[in-house]
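As provided, run-v1.txt (compact mmCIF, C-alpha atoms (C1' of nucleotides)) reads as follows.
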# COMPACT_ATOMS: atom_id res chain seq x y z
CA MET X 1 -37.80 56.07 318.92
CA ALA X 2 -34.41 56.64 317.40
CA ARG X 3 -32.46 59.21 319.30
CA VAL X 4 -31.01 61.84 317.05
CA GLY X 5 -28.42 63.14 319.48
CA LEU X 6 -29.47 66.74 319.83
CA THR X 7 -27.36 69.07 321.91
CA THR X 8 -27.44 72.79 322.51
CA GLU X 9 -24.22 72.98 320.52
CA ARG X 10 -25.56 71.16 317.49
CA LEU X 11 -28.77 73.18 317.50
CA THR X 12 -26.82 76.41 317.64
CA ARG X 13 -24.60 75.37 314.73
CA ALA X 14 -27.55 74.21 312.67
CA GLY X 15 -29.34 77.44 313.52
CA ALA X 16 -26.36 79.40 312.25
CA GLU X 17 -26.42 77.45 308.99
CA LEU X 18 -30.12 78.08 308.70
CA ALA X 19 -29.49 81.78 309.21
CA ASP X 20 -26.93 81.86 306.42
CA GLU X 21 -29.25 79.99 304.08
CA LEU X 22 -32.58 81.66 304.79
CA GLY X 23 -31.79 84.81 306.71
CA PHE X 24 -31.49 85.33 310.44
CA ASP X 25 -35.13 86.27 310.87
CA GLN X 26 -36.18 82.99 309.27
CA VAL X 27 -34.48 81.01 312.02
CA THR X 28 -37.31 79.33 313.91
CA LEU X 29 -37.48 76.35 316.19
CA SER X 30 -39.93 74.84 313.75
CA ALA X 31 -37.49 75.06 310.85
CA LEU X 32 -34.76 73.66 313.05
CA ALA X 33 -36.95 70.74 314.12
CA ARG X 34 -37.74 69.99 310.49
CA ARG X 35 -34.03 69.94 309.69
CA PHE X 36 -33.37 67.36 312.39
CA GLU X 37 -36.59 65.48 311.60
CA VAL X 38 -37.68 65.89 315.16
CA LYS X 39 -40.73 67.37 316.85
CA VAL X 40 -40.51 70.99 317.90
CA ALA X 41 -41.14 70.32 321.58
CA SER X 42 -38.03 68.16 321.70
CA LEU X 43 -35.86 71.21 321.19
CA TYR X 44 -36.96 72.72 324.45
CA SER X 45 -34.76 70.28 326.34
CA HIS X 46 -31.77 71.99 324.77
CA VAL X 47 -32.72 75.64 324.35
CA ARG X 48 -34.94 77.65 326.64
CA SER X 49 -36.77 79.50 323.91
CA SER X 50 -36.62 80.79 320.41
CA GLU X 51 -34.93 83.92 321.71
CA ASP X 52 -32.40 81.80 323.59
CA LEU X 53 -31.47 80.09 320.34
CA ARG X 54 -31.05 83.39 318.54
CA THR X 55 -28.84 84.69 321.32
CA ARG X 56 -26.67 81.58 321.12
CA ILE X 57 -26.28 82.03 317.38
CA ALA X 58 -25.29 85.64 317.96
CA LEU X 59 -22.67 84.61 320.52
CA LEU X 60 -21.34 81.95 318.16
CA ALA X 61 -21.02 84.49 315.38
CA LEU X 62 -19.27 87.01 317.63
CA ALA X 63 -16.82 84.36 318.78
CA GLU X 64 -16.11 83.11 315.27
CA LEU X 65 -15.54 86.64 314.08
CA ALA X 66 -13.22 87.43 316.98
CA ASP X 67 -11.24 84.25 316.33
CA ARG X 68 -10.77 85.13 312.69
CA ALA X 69 -9.87 88.69 313.56
CA ALA X 70 -7.24 87.53 316.04
CA ASP X 71 -5.79 85.17 313.44
CA ALA X 72 -5.69 87.87 310.80
CA LEU X 73 -3.96 90.35 313.08
CA ALA X 74 -1.24 87.97 314.20
CA GLY X 75 2.10 89.33 313.04
CA ARG X 76 0.68 92.35 311.26
CA ALA X 77 0.82 96.03 312.07
CA GLY X 78 -0.11 99.39 310.61
CA LYS X 79 -2.04 99.48 307.39
CA GLU X 80 -1.54 95.78 306.86
CA ALA X 81 -3.32 95.08 310.13
CA LEU X 82 -6.04 97.60 309.34
CA THR X 83 -6.72 95.95 305.99
CA ALA X 84 -6.62 92.47 307.41
CA LEU X 85 -9.13 93.23 310.14
CA ALA X 86 -11.43 95.08 307.80
CA ASN X 87 -11.41 92.20 305.35
CA VAL X 88 -12.22 89.71 308.07
CA TYR X 89 -15.45 91.53 308.78
CA ARG X 90 -16.32 92.00 305.14
CA ASP X 91 -15.54 88.43 304.14
CA TYR X 92 -17.39 87.00 307.08
CA ALA X 93 -20.46 89.05 306.26
CA LYS X 94 -20.34 87.88 302.66
CA THR X 95 -19.84 84.21 303.38
CA HIS X 96 -22.07 84.13 306.46
CA PRO X 97 -24.72 86.82 306.05
CA GLY X 98 -27.10 85.23 308.53
CA ARG X 99 -24.43 84.90 311.18
CA TYR X 100 -23.32 88.45 310.54
CA ALA X 101 -26.88 89.65 311.04
CA ALA X 102 -27.02 87.57 314.21
CA ALA X 103 -23.91 89.28 315.53
CA GLN X 104 -25.86 92.55 315.38
CA LEU X 105 -28.54 91.26 317.71
CA ARG X 106 -28.98 93.47 320.73
CA LEU X 107 -27.84 91.53 323.78
CA ASP X 108 -28.71 92.35 327.34
CA PRO X 109 -25.79 94.01 329.16
CA GLU X 110 -24.56 90.96 331.12
CA THR X 111 -24.65 88.72 328.07
CA ALA X 112 -22.89 91.36 326.02
CA ALA X 113 -20.21 91.79 328.65
CA ALA X 114 -19.53 88.05 328.68
CA SER X 115 -19.53 87.83 324.89
CA ALA X 116 -16.69 88.03 322.41
CA GLY X 117 -17.86 91.56 321.70
CA VAL X 118 -15.27 92.89 324.10
CA ARG X 119 -12.52 91.08 322.19
CA HIS X 120 -13.54 92.96 319.07
CA ALA X 121 -12.91 96.29 320.74
CA GLN X 122 -9.54 95.03 322.01
CA LEU X 123 -8.51 93.79 318.58
CA THR X 124 -9.49 97.05 316.96
CA ARG X 125 -7.53 98.90 319.60
CA ALA X 126 -4.54 96.71 318.89
CA ILE X 127 -4.42 98.05 315.35
CA LEU X 128 -3.94 101.54 316.66
CA ARG X 129 -0.64 100.59 318.25
CA GLY X 130 0.81 101.00 314.79
CA TYR X 131 -0.39 104.60 314.75
CA ASP X 132 0.31 107.46 317.06
CA LEU X 133 -2.92 107.74 319.00
CA THR X 134 -3.28 107.90 322.75
CA GLY X 135 -5.89 108.41 325.43
CA ALA X 136 -9.37 109.39 324.39
CA ASP X 137 -8.35 109.72 320.77
CA GLN X 138 -7.68 106.01 320.72
CA THR X 139 -11.23 105.31 321.80
CA HIS X 140 -12.59 107.75 319.27
CA ALA X 141 -10.59 106.01 316.56
CA VAL X 142 -11.73 102.55 317.72
CA ARG X 143 -15.30 103.70 317.43
CA LEU X 144 -14.69 105.24 314.04
CA LEU X 145 -13.15 102.06 312.70
CA GLY X 146 -15.99 99.99 314.12
CA SER X 147 -18.50 102.34 312.54
CA VAL X 148 -16.89 102.26 309.11
CA PHE X 149 -16.42 98.51 309.05
CA HIS X 150 -19.89 97.76 310.25
CA GLY X 151 -21.55 100.52 308.27
CA TYR X 152 -19.85 99.66 305.00
CA VAL X 153 -20.39 95.95 305.32
CA SER X 154 -24.02 96.24 306.24
CA LEU X 155 -24.78 98.75 303.49
CA GLU X 156 -22.99 96.61 300.93
CA LEU X 157 -24.73 93.48 302.15
CA GLY X 158 -28.07 95.25 302.13
CA GLY X 159 -27.60 96.18 298.50
CA GLY X 160 -27.15 99.85 299.26
CA PHE X 161 -24.35 100.17 296.71
CA ASP X 162 -25.87 97.94 294.08
CA HIS X 163 -27.03 100.47 291.57
CA SER X 164 -24.11 102.79 291.24
CA ALA X 165 -20.72 102.61 289.64
CA PRO X 166 -17.83 102.17 290.31
CA ASP X 167 -17.67 98.75 291.84
CA THR X 168 -17.42 98.19 295.54
CA GLU X 169 -13.94 96.67 295.45
CA GLN X 170 -12.45 99.97 294.38
CA THR X 171 -14.38 101.88 297.00
CA TRP X 172 -13.35 99.45 299.70
CA ALA X 173 -9.69 99.81 298.81
CA ARG X 174 -9.95 103.59 298.71
CA ILE X 175 -11.75 103.71 302.04
CA LEU X 176 -8.98 101.67 303.65
CA ASP X 177 -6.44 104.04 302.14
CA ALA X 178 -8.41 106.96 303.49
CA LEU X 179 -8.65 105.48 306.97
CA ASP X 180 -4.95 104.73 307.04
CA SER X 181 -4.21 108.27 305.99
CA LEU X 182 -6.60 109.62 308.59
CA LEU X 183 -5.08 107.59 311.40
CA ARG X 184 -1.61 108.77 310.44
CA ASN X 185 -2.77 112.39 310.38
CA TRP X 186 -5.36 112.43 313.15
CA PRO X 187 -6.53 116.02 313.60
CA ASP X 188 -6.43 117.60 317.03
CA MET T 1 -70.72 98.49 312.71
CA ALA T 2 -69.05 101.80 313.26
CA ARG T 3 -66.51 102.50 310.56
CA VAL T 4 -63.17 103.49 311.96
CA GLY T 5 -61.85 105.08 308.81
CA LEU T 6 -58.84 102.94 308.12
CA THR T 7 -56.59 103.81 305.22
CA THR T 8 -53.26 102.50 304.05
CA GLU T 9 -51.80 105.84 305.10
CA ARG T 10 -53.13 105.70 308.65
CA LEU T 11 -52.06 102.11 309.08
CA THR T 12 -48.56 102.93 307.91
CA ARG T 13 -48.29 105.88 310.31
CA ALA T 14 -49.64 103.87 313.21
CA GLY T 15 -47.27 101.06 312.29
CA ALA T 16 -44.38 103.49 312.41
CA GLU T 17 -45.45 104.66 315.88
CA LEU T 18 -45.73 101.06 316.96
CA ALA T 19 -42.22 100.44 315.67
CA ASP T 20 -40.83 103.34 317.68
CA GLU T 21 -42.61 102.20 320.81
CA LEU T 22 -42.07 98.45 320.68
CA GLY T 23 -39.36 97.87 318.10
CA PHE T 24 -39.69 97.28 314.39
CA ASP T 25 -39.83 93.51 314.73
CA GLN T 26 -42.79 93.82 317.08
CA VAL T 27 -44.88 95.47 314.40
CA THR T 28 -47.61 92.98 313.62
CA LEU T 29 -51.00 93.28 312.00
CA SER T 30 -52.47 91.90 315.22
CA ALA T 31 -50.96 94.69 317.29
CA LEU T 32 -52.10 97.24 314.75
CA ALA T 33 -55.63 95.85 314.75
CA ARG T 34 -55.72 96.06 318.55
CA ARG T 35 -54.61 99.69 318.39
CA PHE T 36 -57.50 100.55 316.08
CA GLU T 37 -59.91 98.27 317.96
CA VAL T 38 -60.63 96.43 314.78
CA LYS T 39 -60.39 92.81 313.67
CA VAL T 40 -57.18 91.71 312.00
CA ALA T 41 -58.83 90.62 308.77
CA SER T 42 -60.10 94.16 308.24
CA LEU T 43 -56.57 95.37 307.69
CA TYR T 44 -56.21 93.25 304.59
CA SER T 45 -58.39 95.68 302.66
CA HIS T 46 -55.64 98.27 303.11
CA VAL T 47 -52.38 96.34 303.14
CA ARG T 48 -51.60 93.22 301.17
CA SER T 49 -49.69 91.49 303.92
CA SER T 50 -47.60 91.92 306.98
CA GLU T 51 -44.54 92.33 304.79
CA ASP T 52 -46.33 94.94 302.72
CA LEU T 53 -46.94 96.95 305.88
CA ARG T 54 -43.30 96.71 306.91
CA THR T 55 -42.19 97.85 303.48
CA ARG T 56 -44.51 100.85 303.66
CA ILE T 57 -43.11 101.80 307.05
CA ALA T 58 -39.60 101.53 305.61
CA LEU T 59 -40.53 103.82 302.71
CA LEU T 60 -42.13 106.29 305.09
CA ALA T 61 -38.99 106.38 307.21
CA LEU T 62 -36.73 106.83 304.19
CA ALA T 63 -38.88 109.70 302.95
CA GLU T 64 -39.03 111.40 306.35
CA LEU T 65 -35.28 111.10 306.71
CA ALA T 66 -34.65 112.51 303.25
CA ASP T 67 -36.99 115.43 303.95
CA ARG T 68 -35.16 116.28 307.14
CA ALA T 69 -31.82 115.90 305.45
CA ALA T 70 -32.84 118.25 302.65
CA ASP T 71 -34.07 120.80 305.20
CA ALA T 72 -30.88 120.59 307.19
CA LEU T 73 -28.66 121.05 304.16
CA ALA T 74 -30.47 124.10 302.86
CA GLY T 75 -28.09 127.04 302.93
CA ARG T 76 -25.19 125.11 304.40
CA ALA T 77 -21.88 124.02 302.95
CA GLY T 78 -18.61 122.41 303.96
CA LYS T 79 -18.25 121.15 307.48
CA GLU T 80 -21.46 122.83 308.53
CA ALA T 81 -23.34 120.76 305.98
CA LEU T 82 -21.49 117.62 306.95
CA THR T 83 -22.37 118.08 310.59
CA ALA T 84 -25.97 118.97 309.83
CA LEU T 85 -26.54 115.88 307.72
CA ALA T 86 -24.82 113.60 310.18
CA ASN T 87 -26.92 114.94 313.02
CA VAL T 88 -30.12 114.43 311.08
CA TYR T 89 -29.41 110.71 310.88
CA ARG T 90 -28.30 110.44 314.46
CA ASP T 91 -31.20 112.43 315.87
CA TYR T 92 -33.72 110.59 313.77
CA ALA T 93 -32.38 107.26 314.95
CA LYS T 94 -32.59 108.38 318.56
CA THR T 95 -36.06 109.83 318.39
CA HIS T 96 -37.45 107.18 316.03
CA PRO T 97 -35.50 103.98 316.60
CA GLY T 98 -38.20 101.77 315.12
CA ARG T 99 -38.47 103.87 311.99
CA TYR T 100 -34.70 103.94 311.69
CA ALA T 101 -34.61 100.15 311.90
CA ALA T 102 -37.35 100.04 309.28
CA ALA T 103 -35.26 102.20 306.95
CA GLN T 104 -32.66 99.42 307.00
CA LEU T 105 -35.10 96.86 305.67
CA ARG T 106 -33.87 95.22 302.51
CA LEU T 107 -36.12 96.29 299.66
CA ASP T 108 -36.43 94.57 296.34
CA PRO T 109 -34.59 96.46 293.60
CA GLU T 110 -37.60 98.16 291.95
CA THR T 111 -39.00 99.31 295.29
CA ALA T 112 -35.58 100.55 296.33
CA ALA T 113 -35.14 102.45 293.07
CA ALA T 114 -38.48 104.19 293.55
CA SER T 115 -37.78 104.98 297.21
CA ALA T 116 -36.29 108.05 298.81
CA GLY T 117 -33.10 106.06 299.15
CA VAL T 118 -31.78 107.63 295.99
CA ARG T 119 -32.33 111.12 297.46
CA HIS T 120 -30.07 110.16 300.34
CA ALA T 121 -27.20 109.46 298.00
CA GLN T 122 -27.84 112.76 296.18
CA LEU T 123 -27.92 114.73 299.42
CA THR T 124 -24.72 113.15 300.62
CA ARG T 125 -23.12 113.95 297.31
CA ALA T 126 -24.27 117.53 297.64
CA ILE T 127 -22.12 117.90 300.73
CA LEU T 128 -19.04 117.07 298.74
CA ARG T 129 -19.50 120.14 296.59
CA GLY T 130 -17.90 122.02 299.47
CA TYR T 131 -14.84 119.81 299.15
CA ASP T 132 -12.51 119.18 296.25
CA LEU T 133 -13.56 115.72 295.14
CA THR T 134 -14.41 114.66 291.63
CA GLY T 135 -15.24 111.58 289.62
CA ALA T 136 -14.96 108.21 291.27
CA ASP T 137 -13.50 109.72 294.43
CA GLN T 138 -16.79 111.47 294.98
CA THR T 139 -18.61 108.15 294.95
CA HIS T 140 -16.05 106.61 297.26
CA ALA T 141 -16.50 109.50 299.64
CA VAL T 142 -20.30 109.28 299.46
CA ARG T 143 -20.06 105.63 300.39
CA LEU T 144 -17.64 106.34 303.20
CA LEU T 145 -19.90 109.00 304.68
CA GLY T 146 -22.90 106.71 304.39
CA SER T 147 -20.97 103.94 306.08
CA VAL T 148 -19.80 106.10 308.96
CA PHE T 149 -23.18 107.69 309.58
CA HIS T 150 -25.05 104.43 309.44
CA GLY T 151 -22.41 102.43 311.23
CA TYR T 152 -21.97 104.86 314.07
CA VAL T 153 -25.66 105.43 314.58
CA SER T 154 -26.53 101.77 314.56
CA LEU T 155 -23.70 100.80 316.88
CA GLU T 156 -24.64 103.60 319.29
CA LEU T 157 -28.31 102.67 319.11
CA GLY T 158 -27.49 99.02 319.64
CA GLY T 159 -25.63 99.85 322.80
CA GLY T 160 -22.25 99.03 321.30
CA PHE T 161 -20.62 102.02 322.97
CA ASP T 162 -22.45 101.72 326.27
CA HIS T 163 -19.75 100.34 328.48
CA SER T 164 -16.77 102.43 327.63
CA ALA T 165 -15.69 105.97 328.37
CA PRO T 166 -15.53 108.67 327.10
CA ASP T 167 -19.06 109.59 326.24
CA THR T 168 -20.42 109.31 322.75
CA GLU T 169 -20.95 113.05 322.25
CA GLN T 170 -17.22 113.63 322.30
CA THR T 171 -16.57 110.78 319.94
CA TRP T 172 -19.23 111.97 317.57
CA ALA T 173 -17.75 115.46 317.45
CA ARG T 174 -14.26 114.09 316.92
CA ILE T 175 -15.40 111.78 314.16
CA LEU T 176 -17.02 114.67 312.32
CA ASP T 177 -13.78 116.63 312.72
CA ALA T 178 -11.87 113.66 311.38
CA LEU T 179 -14.18 113.23 308.39
CA ASP T 180 -13.97 116.92 307.56
CA SER T 181 -10.21 116.73 307.74
CA LEU T 182 -10.17 113.62 305.60
CA LEU T 183 -12.38 115.13 302.91
CA ARG T 184 -10.18 118.21 302.78
CA ASN T 185 -7.06 116.05 302.45
CA TRP T 186 -8.35 113.11 300.45
CA PRO T 187 -5.38 110.84 299.65
CA ASP T 188 -4.72 109.87 296.09
C1' DC H 1 -30.55 42.42 335.13
C1' DG H 2 -33.32 46.17 337.31
C1' DG H 3 -33.56 51.09 338.04
C1' DC H 4 -32.79 55.87 336.92
C1' DT H 5 -31.94 59.45 333.98
C1' DT H 6 -32.82 61.67 329.98
C1' DG H 7 -34.30 62.23 325.02
C1' DC H 8 -37.82 62.60 322.23
C1' DC H 9 -42.73 62.03 322.11
C1' DT H 10 -48.09 63.47 322.11
C1' DA H 11 -51.34 66.82 323.36
C1' DA H 12 -53.02 71.28 324.01
C1' DA H 13 -53.06 76.42 324.72
C1' DT H 14 -51.71 80.83 322.85
C1' DA H 15 -50.62 83.98 319.15
C1' DG H 16 -49.85 85.80 314.30
C1' DT H 17 -50.98 85.42 309.18
C1' DT H 18 -53.93 84.89 305.47
C1' DT H 19 -58.13 83.86 302.57
C1' DA H 20 -63.20 83.39 301.64
C1' DG H 21 -67.43 85.01 302.03
C1' DG H 22 -71.25 88.06 304.38
C1' DC H 23 -73.77 92.14 306.03
C1' DA H 24 -74.41 96.85 306.63
C1' DA H 25 -72.92 101.60 306.11
C1' DA H 26 -71.64 105.05 302.85
C1' DT H 27 -72.04 106.82 298.24
C1' DG H 28 -74.04 107.63 293.77
C1' DT H 29 -78.21 107.81 290.85
C1' DA H 30 -82.85 108.47 289.45
C1' DT E 1 -86.55 110.05 298.69
C1' DA E 2 -85.71 105.34 297.22
C1' DC E 3 -82.84 102.13 295.14
C1' DA E 4 -78.45 100.10 293.61
C1' DT E 5 -73.65 99.84 294.10
C1' DT E 6 -69.54 100.05 296.33
C1' DT E 7 -66.80 99.55 300.16
C1' DG E 8 -65.52 98.76 305.15
C1' DC E 9 -65.39 95.88 308.59
C1' DC E 10 -67.13 91.49 310.08
C1' DT E 11 -67.12 86.03 311.18
C1' DA E 12 -65.13 81.73 310.24
C1' DA E 13 -61.56 78.78 309.31
C1' DA E 14 -56.90 76.99 307.87
C1' DC E 15 -52.17 77.29 308.62
C1' DT E 16 -47.74 78.19 311.08
C1' DA E 17 -44.84 79.22 315.15
C1' DT E 18 -44.16 79.22 320.34
C1' DT E 19 -44.43 77.24 324.69
C1' DT E 20 -45.73 74.08 328.60
C1' DA E 21 -47.16 69.58 330.74
C1' DG E 22 -46.83 65.06 331.07
C1' DG E 23 -45.58 60.17 329.10
C1' DC E 24 -42.84 56.28 327.37
C1' DA E 25 -38.86 54.03 326.12
C1' DA E 26 -33.75 54.00 325.14
C1' DG E 27 -29.42 54.42 327.24
C1' DC E 28 -26.24 54.14 331.24
C1' DC E 29 -24.99 52.68 335.87
C1' DG E 30 -25.00 49.78 339.80
Please express the file's structure as structure tokens.
Amino acid sequence: MARVGLTTERLTRAGAELADELGFDQVTLSALARRFEVKVASLYSHVRSSEDLRTRIALLALAELADRAADALAGRAGKEALTALANVYRDYAKTHPGRYAAAQLRLDPETAAASAGVRHAQLTRAILRGYDLTGADQTHAVRLLGSVFHGYVSLELGGGFDHSAPDTEQTWARILDALDSLLRNWPD
Amino acid sequence: MARVGLTTERLTRAGAELADELGFDQVTLSALARRFEVKVASLYSHVRSSEDLRTRIALLALAELADRAADALAGRAGKEALTALANVYRDYAKTHPGRYAAAQLRLDPETAAASAGVRHAQLTRAILRGYDLTGADQTHAVRLLGSVFHGYVSLELGGGFDHSAPDTEQTWARILDALDSLLRNWPD
DNA sequence: CGGCTTGCCTAAATAGTTTAGGCAAATGTA
DNA sequence: TACATTTGCCTAAACTATTTAGGCAAGCCG
């Protein structure tokens, strides 16, 4: 019986591809087994369960996103940094919709704490160094940015803006302008 | 064989309750059949499929949300209206997490066009009458508000803000202040 | 080369989805 | 009231996904 060379790593990657192709909720061990031309039970040597696989895909997506965000922020500040980070999220969601959906998976607290999720908050906070925000206001702003990025991207991805003009590129640019303006003139 | 009195309506409502109790992805025809003490196949006289049921729950949630939003906006304008609408979304998501998740379900274009989703955009636009925004900027602002409301609520619901101070009430209030300020001073 | 580990296997139980076809309760009609 | 029709819920069965238990052989290690 030819050994295929399955590993947890390879299954997670293939699962992520499957998510991007079919949607995150179509990621099943059965589909994964078919892809590797292997019996389903064989996968259980590498992942504990279907949920385990989904969690691993989520962690992969969070890590990939954080890596790209860190790259994009390197050497940038102010509005340039804001735009760069925002576009990382938006582009990732467009090119990897299944992974992006996976990144939204609710993780249990310990898993979440050990995930790249914390890096995202740090990276978002880093942007604010280019603006004059301190203390609690910084946290409020981090949460606002997270909300706008995630909210916009998921509405756009979900087709929420499909049937209205003008196009989403314009809106996206204007929203980034607006956020920049808001951060420079944060109300007290 | 005692007739239970199933209808599409009752199944949809019970499905929505199930979603709030167990999570939207735990809504199955099997669970619904158990709740009514009826065999699964019997449900197929009232819903076409499992997906059909989920779509109906989504439409129910969208309609309920739009009703509440319309109520909340009646007689309000400006920041009061902004706050009222925002709190409708947030409160609905907290009290009906499963329904809120259902409302995010991707609908096919015709279904979406016939849904209460369009009312949401209209209601959000109504808020902007209290601010000085016209033309394309109005649409940009509608999309921004939608993004913030949805993004914030889903991050909060997903536990994204769990492990950081200060508490979310403060942030929520500050974000509404910030949005109000932004709408009053929309950059060109 | 012989032994151990490990990778993938078969087999079987559980659970959800869906369709086909049947019987009896509810409803309409004479 | 009696009969016919419709309709509601049923049984049965096929299919798919998840998960566990136990087996055999391929690979590596002495």
>> Quick one: residues within 12 Å of DC15 in chain E, all atoms listed in the file, excluding same-chain residues fewer than 2 positions away - as a PyMOL selection string?
In response: (chain H and resi 16-19) or (chain E and resi 13+17)
>> I want to know what sits within 10 Å of range 76-93 of chain X, based on only C-alpha atoms (C1' of nucleotides), with residues of the same chain fewer than 6 positions away left out; could you give that as a ChimeraX atom specification?
In response: /X:20,61,64-70,99-101,103,120,123-124,126-131,145-146,148-150,152-154,156-157,172-173,176-177,179-181,183-184
Within 12 Å of chain H, which residues of chain T are there when counting all atoms listed in the file? Please give them as a JSON list (two decimals) with C-alpha atoms, in the coordinates of the input.
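The resulting selection-v3.json:
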[["chain", "number", "residue", "atom", "x", "y", "z"],
["T", 1, "MET", "CA", -70.72, 98.49, 312.71],
["T", 2, "ALA", "CA", -69.05, 101.80, 313.26],
["T", 3, "ARG", "CA", -66.51, 102.50, 310.56],
["T", 4, "VAL", "CA", -63.17, 103.49, 311.96],
["T", 5, "GLY", "CA", -61.85, 105.08, 308.81],
["T", 26, "GLN", "CA", -42.79, 93.82, 317.08],
["T", 27, "VAL", "CA", -44.88, 95.47, 314.40],
["T", 28, "THR", "CA", -47.61, 92.98, 313.62],
["T", 29, "LEU", "CA", -51.00, 93.28, 312.00],
["T", 30, "SER", "CA", -52.47, 91.90, 315.22],
["T", 31, "ALA", "CA", -50.96, 94.69, 317.29],
["T", 32, "LEU", "CA", -52.10, 97.24, 314.75],
["T", 33, "ALA", "CA", -55.63, 95.85, 314.75],
["T", 40, "VAL", "CA", -57.18, 91.71, 312.00],
["T", 41, "ALA", "CA", -58.83, 90.62, 308.77],
["T", 42, "SER", "CA", -60.10, 94.16, 308.24],
["T", 43, "LEU", "CA", -56.57, 95.37, 307.69],
["T", 44, "TYR", "CA", -56.21, 93.25, 304.59],
["T", 45, "SER", "CA", -58.39, 95.68, 302.66],
["T", 47, "VAL", "CA", -52.38, 96.34, 303.14],
["T", 48, "ARG", "CA", -51.60, 93.22, 301.17],
["T", 49, "SER", "CA", -49.69, 91.49, 303.92],
["T", 50, "SER", "CA", -47.60, 91.92, 306.98],
["T", 51, "GLU", "CA", -44.54, 92.33, 304.79]]
> Mind pulling up the distance from CA of Gly75 in chain T to CA of Asn185 in chain T?
Replying inline: 23.7 Å
> At what distance in Å, to one decimal, does CA of Leu60 in chain T lie from CA of Gly98 in chain T?
Replying inline: 11.7 Å
>> Counting only C-alpha atoms (C1' of nucleotides), I want the residues whose atoms come within 9 Å of (-42.1, 96.8, 299.5) in the file frame, returned as a list of chain:residue names.
In response: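 It turns out the residues near that spot are T:Glu51, T:Asp52, T:Leu53, T:Arg54, T:Thr55, T:Arg56, T:Ala58, T:Leu59, T:Arg106, T:Leu107, T:Asp108, T:Glu110, T:Thr111, T:Ala112.
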>> Show me, as an MDAnalysis selection string, every residue of chain X with an atom at most 7 Å from chain T, counting only C-alpha atoms.
In response: chainID X and resid 106 136 140 144 147:148 150:152 155 158 166 171 174:175 178 181:182 186:187
>> Tell me as number ranges by chain which residues belonging to chain E come within 12 Å of chain T, counting only C-alpha atoms (C1' of nucleotides).
In response: E: 7-12
> Do you have the CA of Ala16 in chain X-CA of Ala102 in chain X distance handy?
Replying inline: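 Between CA of Ala16 in chain X and CA of Ala102 in chain X the gap is 8.4 Å.
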Grab all the atoms of range 13-19 of chain E that the file lists, wrap them in a box along x, y and z, add 5 Å per side, and give me centre plus edge lengths in Å (one decimal) as lines of an AutoDock Vina configuration file.
center_x = -52.9
center_y = 78.1
center_z = 316.3
size_x = 27.4
size_y = 12.2
size_z = 26.8
Taking only N, CA and C atoms, show range 111-122 of chain X of the given structure as a compact mmCIF listing (two decimals), in the first residue's frame.
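New file result_37.txt:
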# COMPACT_ATOMS: atom_id res chain seq x y z
N THR X 111 -6.59 28.62 23.04
CA THR X 111 -6.15 28.57 21.65
C THR X 111 -6.03 29.97 21.07
N ALA X 112 -7.02 30.80 21.36
CA ALA X 112 -7.01 32.16 20.85
C ALA X 112 -5.81 32.92 21.38
N ALA X 113 -5.52 32.72 22.66
CA ALA X 113 -4.41 33.45 23.28
C ALA X 113 -3.07 33.05 22.67
N ALA X 114 -2.98 31.79 22.24
CA ALA X 114 -1.73 31.30 21.65
C ALA X 114 -1.68 31.55 20.14
N SER X 115 -2.73 32.08 19.59
CA SER X 115 -2.81 32.27 18.14
C SER X 115 -2.16 33.58 17.71
N ALA X 116 -2.12 33.76 16.40
CA ALA X 116 -1.58 35.00 15.85
C ALA X 116 -2.57 36.15 16.02
N GLY X 117 -3.73 35.85 16.58
CA GLY X 117 -4.73 36.89 16.80
C GLY X 117 -4.19 38.06 17.59
N VAL X 118 -3.36 37.74 18.57
CA VAL X 118 -2.79 38.81 19.40
C VAL X 118 -1.87 39.71 18.59
N ARG X 119 -1.16 39.11 17.62
CA ARG X 119 -0.29 39.93 16.76
C ARG X 119 -1.10 40.95 15.97
N HIS X 120 -2.30 40.56 15.58
CA HIS X 120 -3.14 41.48 14.82
C HIS X 120 -3.44 42.74 15.62
N ALA X 121 -3.78 42.54 16.87
CA ALA X 121 -4.07 43.71 17.71
C ALA X 121 -2.82 44.57 17.85
N GLN X 122 -1.66 43.93 18.01
CA GLN X 122 -0.40 44.68 18.15
C GLN X 122 -0.09 45.48 16.89
